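Structure file protein_5.cif (mmCIF, C-alpha atoms) follows.
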data_input
#
loop_
_atom_site.label_atom_id
_atom_site.label_comp_id
_atom_site.auth_asym_id
_atom_site.auth_seq_id
_atom_site.Cartn_x
_atom_site.Cartn_y
_atom_site.Cartn_z
CA MET A 211 0.00 0.00 0.00
CA VAL A 212 1.08 3.55 -0.69
CA ASN A 213 2.19 5.52 2.36
CA VAL A 214 -0.18 8.50 2.78
CA ALA A 215 -0.53 11.25 5.37
CA ILE A 216 -3.32 13.78 5.69
CA ILE A 217 -3.09 17.10 7.49
CA THR A 218 -5.95 19.31 8.59
CA HIS A 219 -6.57 22.15 11.02
CA CYS A 220 -7.86 21.94 14.58
CA THR A 221 -11.41 22.92 15.55
CA SER A 222 -12.85 24.89 18.44
CA ASP A 223 -15.25 22.07 19.35
CA LYS A 224 -13.49 19.51 21.52
CA VAL A 225 -14.50 16.45 23.52
CA LEU A 226 -12.73 17.74 26.65
CA ASN A 227 -13.43 21.04 28.35
CA VAL A 228 -10.79 23.71 27.79
CA ASP A 229 -7.99 23.16 30.28
CA PRO A 230 -7.79 26.06 32.77
CA TYR A 231 -4.04 26.27 32.16
CA LEU A 232 -4.52 26.59 28.42
CA ASP A 233 -7.26 29.18 27.92
CA LEU A 234 -5.90 32.27 26.18
CA SER A 235 -8.96 34.33 27.10
CA THR A 236 -7.97 34.19 30.80
CA LEU A 237 -4.24 33.59 30.52
CA VAL A 238 -2.92 37.10 29.94
CA SER A 239 -4.78 40.33 30.59
CA TYR A 240 -3.30 43.72 29.75
CA PRO A 241 -4.92 47.15 29.94
CA LYS A 242 -5.80 48.67 26.59
CA ASN A 243 -2.90 50.45 24.86
CA ASN A 244 -0.42 48.94 27.33
CA SER A 245 2.97 48.97 25.67
CA THR A 246 3.84 45.59 27.23
CA LYS A 247 1.11 43.87 25.23
CA ASN A 248 3.48 42.13 22.85
CA GLN A 249 4.04 38.69 21.43
CA LYS A 250 7.02 37.82 23.59
CA ASN A 251 4.90 38.16 26.72
CA TYR A 252 2.18 35.94 25.30
CA ILE A 253 4.75 33.36 24.20
CA ARG A 254 6.36 33.34 27.63
CA SER A 255 3.01 32.90 29.38
CA TRP A 256 1.79 30.24 26.95
CA ASN A 257 5.01 28.24 27.29
CA GLY A 258 4.61 28.33 31.06
CA SER A 259 1.07 27.03 30.74
CA LEU A 260 2.22 24.25 28.43
CA GLU A 261 4.75 23.19 31.07
CA LYS A 262 2.01 22.91 33.70
CA SER A 263 -0.23 20.96 31.33
CA TYR A 264 2.32 18.17 30.81
CA GLU A 265 1.86 17.08 34.42
CA PHE A 266 -1.64 18.15 35.39
CA SER A 267 -3.90 18.23 32.32
CA LYS A 268 -6.28 15.49 31.22
CA LYS A 269 -5.33 14.18 27.78
CA THR A 270 -6.60 12.13 24.86
CA ASN A 271 -5.32 11.15 21.40
CA ALA A 272 -5.11 14.23 19.19
CA ILE A 273 -7.31 12.66 16.51
CA ASP A 274 -9.99 12.03 19.17
CA LEU A 275 -9.88 15.51 20.74
CA TYR A 276 -11.66 17.50 18.04
CA LYS A 277 -15.34 17.16 17.20
CA GLY A 278 -15.95 19.68 14.44
CA ARG A 279 -18.49 18.30 11.95
CA MET A 280 -16.18 17.84 8.98
CA PHE A 281 -13.21 16.89 11.15
CA LEU A 282 -15.24 13.92 12.41
CA LYS A 283 -16.22 12.97 8.86
CA LEU A 284 -12.57 13.02 7.77
CA LYS A 285 -11.56 10.97 10.79
CA LYS A 286 -14.31 8.40 10.12
CA PHE A 287 -13.39 8.05 6.46
CA TRP A 288 -9.70 7.75 7.30
CA GLU A 289 -10.41 4.91 9.71
CA GLU A 290 -12.80 3.17 7.30
CA THR A 291 -10.09 3.04 4.64
CA GLY A 292 -7.83 1.23 7.09
CA GLN A 293 -5.45 4.14 7.69
CA SER A 294 -3.78 4.64 11.07
CA LYS A 295 -4.00 7.49 13.58
CA GLU A 296 -0.27 8.12 13.31
CA ASN A 297 -0.70 9.18 9.66
CA PHE A 298 -3.36 11.76 10.51
CA TYR A 299 -1.86 15.14 11.46
CA ILE A 300 -3.40 18.30 12.91
CA VAL A 301 -2.11 21.86 12.70
CA SER A 302 -2.91 23.31 16.13
CA ALA A 303 -2.34 26.99 16.89
CA GLY A 304 -2.13 26.16 20.57
CA LEU A 305 -0.05 22.97 20.66
CA GLY A 306 1.86 22.79 17.34
CA PHE A 307 2.04 20.06 14.71
CA LEU A 308 0.23 17.07 16.20
CA ARG A 309 0.36 13.42 15.17
CA GLY A 310 -3.02 11.77 15.57
CA ASP A 311 -1.89 9.18 18.12
CA MET A 312 -0.22 11.72 20.46
CA ASN A 313 -1.83 12.36 23.85
CA VAL A 314 -2.76 16.04 24.13
CA PRO A 315 -4.88 18.29 26.40
CA SER A 316 -7.80 20.49 25.44
CA TYR A 317 -7.03 24.20 25.01
CA GLY A 318 -8.50 27.51 23.95
CA LEU A 319 -6.30 29.28 21.43
CA THR A 320 -6.74 29.96 17.73
CA VAL A 321 -5.35 32.11 14.93
CA SER A 322 -8.80 32.47 13.35
CA GLU A 323 -10.38 35.87 13.73
CA GLY A 324 -13.42 36.75 15.80
CA SER A 325 -12.81 34.81 19.01
CA LYS A 326 -11.82 35.83 22.52
CA GLN A 327 -9.25 33.03 22.24
CA SER A 328 -7.71 34.43 19.05
CA ILE A 329 -4.05 35.29 19.48
CA SER A 330 -4.03 37.10 16.13
CA ASP A 331 -6.92 39.32 17.25
CA LYS A 332 -5.20 40.16 20.54
CA LEU A 333 -2.00 41.33 18.85
CA GLY A 334 -3.36 42.56 15.52
CA SER A 335 -0.71 43.71 13.07
CA ARG A 336 2.00 42.98 15.67
CA PHE A 337 1.33 39.26 15.52
CA SER A 338 3.94 37.15 13.72
CA TYR A 339 2.52 33.80 12.62
CA LEU A 340 5.95 32.38 11.86
CA ASP A 341 7.41 33.36 15.25
CA TRP A 342 4.44 31.81 17.03
CA TRP A 343 4.79 28.58 15.03
CA GLU A 344 8.55 28.35 15.48
CA ASN A 345 8.11 28.73 19.22
CA LEU A 346 5.56 25.89 19.34
CA LYS A 347 7.85 23.60 17.36
CA GLU A 348 10.70 24.38 19.73
CA HIS A 349 8.93 24.46 23.10
CA SER A 350 5.75 22.36 22.87
CA LYS A 351 6.38 18.73 23.81
CA TYR A 352 3.12 17.88 22.03
CA SER A 353 4.45 19.07 18.67
CA CYS A 354 6.50 17.27 16.05
CA ASN A 355 9.36 19.75 16.09
CA ASN A 356 10.43 19.36 12.46
CA PHE A 357 7.61 19.53 9.93
CA PHE A 358 9.62 18.46 6.90
CA GLU A 359 11.53 15.64 8.62
CA THR A 360 8.28 14.24 10.02
CA LEU A 361 6.67 14.01 6.59
CA LYS A 362 9.55 13.45 4.19
CA ASN A 363 9.12 9.66 3.92
CA TYR A 364 5.46 9.71 2.90
CA ASP A 365 4.60 8.93 -0.71
CA TYR A 366 1.76 11.47 -0.68
CA ILE A 367 0.61 14.24 1.67
CA PHE A 368 -2.94 15.58 1.39
CA VAL A 369 -3.63 18.83 3.24
CA SER A 370 -6.77 20.85 4.00
CA LEU A 371 -6.48 24.15 5.86
CA THR A 372 -8.46 27.32 6.29
CA SER A 373 -6.51 30.28 4.95
CA SER A 374 -6.00 31.55 8.53
CA TYR A 375 -3.64 28.65 9.19
CA ILE A 376 -1.55 29.03 6.02
CA PRO A 377 0.78 31.77 7.37
CA LEU A 378 1.70 29.54 10.32
CA ILE A 379 3.22 26.85 8.13
CA VAL A 380 3.71 28.42 4.70
CA GLU A 381 7.51 28.12 4.91
CA ASP A 382 7.17 24.45 5.86
CA LEU A 383 4.73 23.74 3.03
CA ASN A 384 6.91 25.39 0.41
CA LEU A 385 9.70 22.87 1.13
CA PHE A 386 7.74 20.04 -0.49
CA ASP A 387 7.49 18.70 -4.01
CA SER A 388 4.56 17.33 -6.00
CA ARG A 389 3.80 14.76 -3.32
CA LEU A 390 1.90 17.46 -1.46
CA LYS A 391 -1.67 18.31 -2.54
CA LEU A 392 -3.32 21.22 -0.75
CA ILE A 393 -6.86 22.53 -0.42
CA VAL A 394 -7.58 25.89 1.21
CA GLY A 395 -10.75 27.81 1.96
CA ASP A 396 -9.67 31.06 0.32
CA GLN A 397 -7.07 30.56 -2.41
CA LYS A 398 -6.46 34.26 -3.05
CA ARG A 399 -5.76 34.92 0.63
CA ALA A 400 -3.59 31.81 0.96
CA LEU A 401 -1.45 32.85 -2.00
CA SER A 402 -1.04 36.34 -0.51
CA PHE A 403 0.92 34.71 2.33
CA GLY A 404 3.51 33.41 -0.13
CA LEU A 405 2.14 29.91 -0.73
CA ASP A 406 3.36 28.29 -3.95
CA ASP A 407 0.27 27.70 -6.11
CA LYS A 408 1.69 24.44 -7.52
CA TYR A 409 0.31 22.61 -4.48
CA LEU A 410 -3.32 23.71 -4.85
CA LEU A 411 -6.05 21.32 -5.93
CA PRO A 412 -8.61 22.94 -8.29
CA TYR A 413 -11.68 23.06 -6.06
CA THR A 414 -14.15 25.92 -6.42
CA GLU A 415 -17.49 26.89 -4.87
CA ALA A 416 -19.16 24.52 -7.36
CA LEU A 417 -18.57 21.91 -4.65
CA ASP A 418 -21.49 23.59 -2.83
CA GLY A 419 -23.74 23.70 -5.90
CA PRO A 420 -26.80 21.61 -6.85
CA ASP A 421 -24.90 19.23 -9.15
CA SER A 422 -22.48 18.33 -6.36
CA ILE A 423 -25.40 17.77 -3.99
CA LYS A 424 -27.13 15.55 -6.55
CA ASN A 425 -23.91 13.64 -7.20
CA TYR A 426 -23.54 12.69 -3.54
CA HIS A 427 -27.25 12.05 -3.07
CA ASN A 428 -27.10 9.52 -5.95
CA LYS A 429 -24.22 7.78 -4.19
CA GLY A 430 -26.19 7.52 -0.98
CA LEU A 431 -23.92 10.01 0.78
CA ASN A 432 -24.65 13.26 2.56
CA ASN A 433 -24.12 16.25 0.33
CA MET A 434 -20.94 18.30 0.55
CA ARG A 435 -22.61 21.65 1.19
CA GLY A 436 -21.66 23.57 4.31
CA PRO A 437 -20.27 26.82 5.72
CA LYS A 438 -17.19 28.45 4.23
CA GLN A 439 -15.09 27.72 7.29
CA ASP A 440 -15.11 23.96 6.61
CA PHE A 441 -14.84 24.18 2.80
CA ALA A 442 -11.25 22.87 2.78
CA GLN A 443 -12.15 19.85 4.88
CA ARG A 444 -15.23 19.11 2.76
CA ALA A 445 -13.12 19.32 -0.39
CA LEU A 446 -10.47 17.01 1.08
CA LEU A 447 -13.17 14.48 1.92
CA ASP A 448 -14.42 14.72 -1.67
CA PHE A 449 -10.87 14.13 -2.92
CA LEU A 450 -10.37 11.10 -0.66
CA ILE A 451 -13.72 9.63 -1.71
CA ARG A 452 -12.80 9.99 -5.38
CA LEU A 453 -9.44 8.31 -4.77
CA SER A 454 -11.06 5.51 -2.79
CA GLU A 455 -13.55 4.80 -5.58
CA LYS A 456 -10.56 4.17 -7.83
CA LYS A 457 -8.97 1.80 -5.26
CA PHE A 458 -6.12 4.24 -4.62
CA PHE A 459 -5.55 3.10 -1.05
CA GLN A 460 -5.08 -0.52 -2.16
CA LYS A 461 -2.33 0.27 -4.66
CA SER A 462 1.26 -0.68 -3.95
CA SER A 463 2.75 0.76 -7.14
CA LEU A 464 3.57 4.48 -7.10
CA LYS A 465 3.10 4.52 -10.86
CA ASP A 466 -0.48 3.26 -10.49
CA ALA A 467 -1.13 5.67 -7.62
CA ASP A 468 0.21 8.63 -9.61
CA LYS A 469 -2.05 7.72 -12.51
CA ILE A 470 -5.10 7.65 -10.23
CA ILE A 471 -4.22 11.02 -8.69
CA ASN A 472 -3.75 12.64 -12.11
CA GLU A 473 -7.03 11.18 -13.40
CA THR A 474 -8.82 12.35 -10.27
CA ILE A 475 -7.49 15.90 -10.59
CA GLU A 476 -8.60 16.02 -14.22
CA GLN A 477 -12.09 14.90 -13.16
CA ILE A 478 -12.19 17.57 -10.45
CA ILE A 479 -11.23 20.24 -13.01
CA PHE A 480 -14.01 19.04 -15.31
CA ASP A 481 -16.62 18.93 -12.55
CA MET A 482 -15.70 22.34 -11.15
CA ARG A 483 -16.06 23.82 -14.65
CA THR A 484 -19.34 22.12 -15.52
CA TRP A 485 -21.22 21.82 -12.21
CA LYS A 486 -23.63 24.65 -11.45
CA LEU A 487 -22.57 27.17 -8.82
CA PRO A 488 -24.57 27.48 -5.60
CA ARG A 489 -27.34 30.04 -5.41
CA LYS A 490 -26.05 33.34 -4.11
CA HIS A 491 -27.83 34.60 -1.02
CA ASN A 492 -28.80 38.25 -0.80
CA ASN A 493 -29.66 37.98 2.85
CA GLU A 494 -30.49 40.78 5.27
CA LYS A 495 -28.21 41.69 8.18
CA PHE A 496 -29.53 42.19 11.70
CA SER A 497 -28.29 43.32 15.10
CA ASP A 498 -27.53 40.80 17.84
CA LYS A 499 -30.79 41.73 19.57
CA ASP A 500 -32.81 41.06 16.41
CA ILE A 501 -30.95 37.80 15.76
CA LEU A 502 -31.99 36.59 19.23
CA ILE A 503 -35.61 37.40 18.38
CA HIS A 504 -35.29 35.46 15.11
CA ILE A 505 -33.78 32.50 16.98
CA ASP A 506 -36.77 32.48 19.31
CA ASN A 507 -39.22 32.69 16.40
CA SER A 508 -37.46 29.91 14.49
CA ILE A 509 -37.53 27.55 17.47
CA LYS A 510 -41.24 28.22 18.11
CA ASN A 511 -42.45 28.26 14.50
CA ASP A 512 -40.01 26.15 12.49
CA PHE A 513 -38.75 23.54 14.95
CA GLY A 514 -41.86 22.88 17.04
CA GLY A 515 -40.38 24.30 20.21
CA GLU A 516 -37.34 22.00 20.07
CA PHE A 517 -33.75 23.23 20.05
CA PRO A 518 -32.26 22.38 16.61
CA SER A 519 -28.59 21.72 15.98
CA LYS A 520 -26.54 24.80 15.19
CA LEU A 521 -26.13 23.67 11.59
CA LYS A 522 -29.89 23.24 11.11
CA LEU A 523 -30.48 26.67 12.59
CA LEU A 524 -27.85 28.16 10.28
CA ARG A 525 -29.49 26.57 7.24
CA ASN A 526 -32.89 27.80 8.41
CA PHE A 527 -31.57 31.35 8.69
CA ARG A 528 -29.77 31.37 5.35
CA ASP A 529 -32.04 29.27 3.13
CA VAL A 530 -35.52 29.85 4.59
CA LYS A 531 -35.51 33.21 6.35
CA ASN A 532 -32.85 34.91 4.19
CA ILE A 533 -31.03 36.18 7.26
CA ALA A 534 -27.31 36.91 7.04
CA CYS A 535 -25.40 35.75 10.12
CA GLU A 536 -21.85 34.38 10.16
CA GLN A 537 -21.68 30.89 11.63
CA SER A 538 -19.50 31.64 14.65
CA ARG A 539 -21.62 34.69 15.51
CA LEU A 540 -24.84 32.68 15.28
CA SER A 541 -23.30 29.93 17.40
CA LYS A 542 -22.45 32.39 20.20
CA LEU A 543 -25.88 34.05 20.08
CA TYR A 544 -27.59 30.65 20.09
CA ASP A 545 -25.61 29.61 23.17
CA ASN A 546 -26.54 32.93 24.79
CA TYR A 547 -30.21 32.37 23.93
CA LYS A 548 -30.26 28.87 25.44
CA MET A 549 -28.53 30.05 28.60
CA LYS A 550 -31.06 32.86 29.08
CA PHE A 551 -33.91 30.50 28.24
CA GLN A 552 -32.78 28.03 30.89
CA ASN A 553 -32.48 30.83 33.45
CA ASN A 554 -35.88 32.30 32.48
CA GLU A 555 -34.20 35.57 31.56
CA LYS A 556 -35.33 38.03 28.94
CA TYR A 557 -33.14 38.38 25.89
#
With the file now loaded, output its structure as structure tokens.
Amino acid sequence: MVNVAIITHCTSDKVLNVDPYLDLSTLVSYPKNNSTKNQKNYIRSWNGSLEKSYEFSKKTNAIDLYKGRMFLKLKKFWEETGQSKENFYIVSAGLGFLRGDMNVPSYGLTVSEGSKQSISDKLGSRFSYLDWWENLKEHSKYSCNNFFETLKNYDYIFVSLTSSYIPLIVEDLNLFDSRLKLIVGDQKRALSFGLDDKYLLPYTEALDGPDSIKNYHNKGLNNMRGPKQDFAQRALLDFLIRLSEKKFFQKSSLKDADKIINETIEQIIFDMRTWKLPRKHNNEKFSDKDILIHIDNSIKNDFGGEFPSKLKLLRNFRDVKNIACEQSRLSKLYDNYKMKFQNNEKY
């Protein structure tokens, strides 16, 4: 069998509660405009918290820590094809470059924007992605400390990352050859960080269109539509499914495997050119207060008084009510609504 690794990004949803040692939102607090609010201080504090976590924190395998929707689908497919945890890697902004079978703690730190646990938001233009990543590789015992050396013996490396994670590892990625195939959520933004475009697989928003949905429905699979933030992971799953249908994972000859990959990429190019694009939403924006009112109305009128999943509520807002609300914002407001509902508070 060919020797394959996949790499994807971490998710905010985890099976373990955020470890109190490793919660950026409470770790360091500086007054506004304080001149000492710099990256070195955050690095020093985070490294100290990592040290404490080695001894005191509850841990689980890295591949089992995250429970984002598409992360779980990738994990399930990987296991169903007979692949091992040690060939499944995660880029973690809090812990470093994780091998799936490593024992790691839960944590609250991201480089994605819009979160109280976002290190890039806290430092703004002063944040250096590369310095943060180099520190994790050097000081985090959870991290594989040499990206290239860890992966150099694989025949193929398939990667899916949101564009927010590209600047962390762009220098590492650009060391590879054609063995590496990469999918990102925002190609233009990823390339602006210096990524070599030779790695990119040709996925477009047609993956979210009606022909893609029909394609997967005909195969008895859930459709590939979803929010933008998990586009890269959905596209990687599509790529792996296409390879599996051609018996890629059973091949022992690199020549045969290369042929399948090239044929699959050509098919992706064709499908992305010919499949219809998803319908564009011209949805209306609302304040947080109005969104809470719409959440209440949706639960009472569309879900029979039951609390839907966050994804079902998102689809209801976007596809039925034509309400514009970014997924992470809706998630926070929904959590706020449920908390107030349980406490019989007005929203």
Have a look at CA of Gln552 in chain A and CA of Asp506 in chain A and let me know their distance in Å, one decimal. 13.0 Å
Residue IDs satisfying the PyMOL selection byres ((chain A and resi 462-471) around 10), as number ranges by chain: A: 211-213, 365-366, 389, 391, 449, 452-454, 456-461, 472-477
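Using only C-alpha atoms, the shortest contact distance between Leu340 in chain A and any of A:Ser316, A:Asn493, A:Ser519, A:Gln249 is found at A:Gln249.
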Close residues, Phe496 in chain A itself excluded, 9 Å, all atoms listed in the file, min 4 positions apart in chain, as number ranges by chain: A: 500-501, 533-535
Using all atoms listed in the file, determine which residues lie at most 10 Å from range 480-489 of chain A, disregarding the query and same-chain residues fewer than 3 positions distant; provide the list as a list in words.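 The contact residues come out as Pro412, Tyr413, Thr414, Glu415, Ala416, Leu417, Asp418, Gly419, Pro420, Asp421, Ser422, Ile423, Asn425, Arg435, Thr474, Ile475, Glu476, Gln477, Asn492 and Asp529 of chain A.
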Mind giving me the straight-line distance from CA of Gly306 in chain A to CA of Ser353 in chain A in Å, one decimal? 4.7 Å
Mind checking which residues fall within 9 Å of Leu284 in chain A, counting all atoms listed in the file, ignoring those fewer than 6 positions away in the same chain, and posting them as a list in words?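 The neighbour list is Gln443, Arg444, Leu446, Leu447 and Leu450 of chain A.
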CA of Val321 in chain A and CA of Ile376 in chain A, how far apart in Å?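 So the two atoms, CA of Ile376 in chain A and CA of Val321 in chain A, lie 10.2 Å apart.
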Sorted by chain and rising residue number, which residues of range 326-438 of chain A lie within 10 Å of range 254-268 of chain A, and what are their closest atom pairs and distances in Å to one decimal, counting all atoms listed in the file, as a Markdown table?
| residue | atom | partner | partner_atom | distance |
| --- | --- | --- | --- | --- |
| A:Asn345 | CA | A:Asn257 | CA | 8.7 |
| A:Leu346 | CA | A:Asn257 | CA | 8.3 |
| A:His349 | CA | A:Asn257 | CA | 6.9 |
| A:Ser350 | CA | A:Leu260 | CA | 6.9 |
| A:Lys351 | CA | A:Tyr264 | CA | 8.1 |
| A:Tyr352 | CA | A:Tyr264 | CA | 8.8 |
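Taking only C-alpha atoms into account, Asn355 in chain A lies nearest to A:Leu308 out of the set A:Ile216, A:Leu308, A:Val225, A:Met549.
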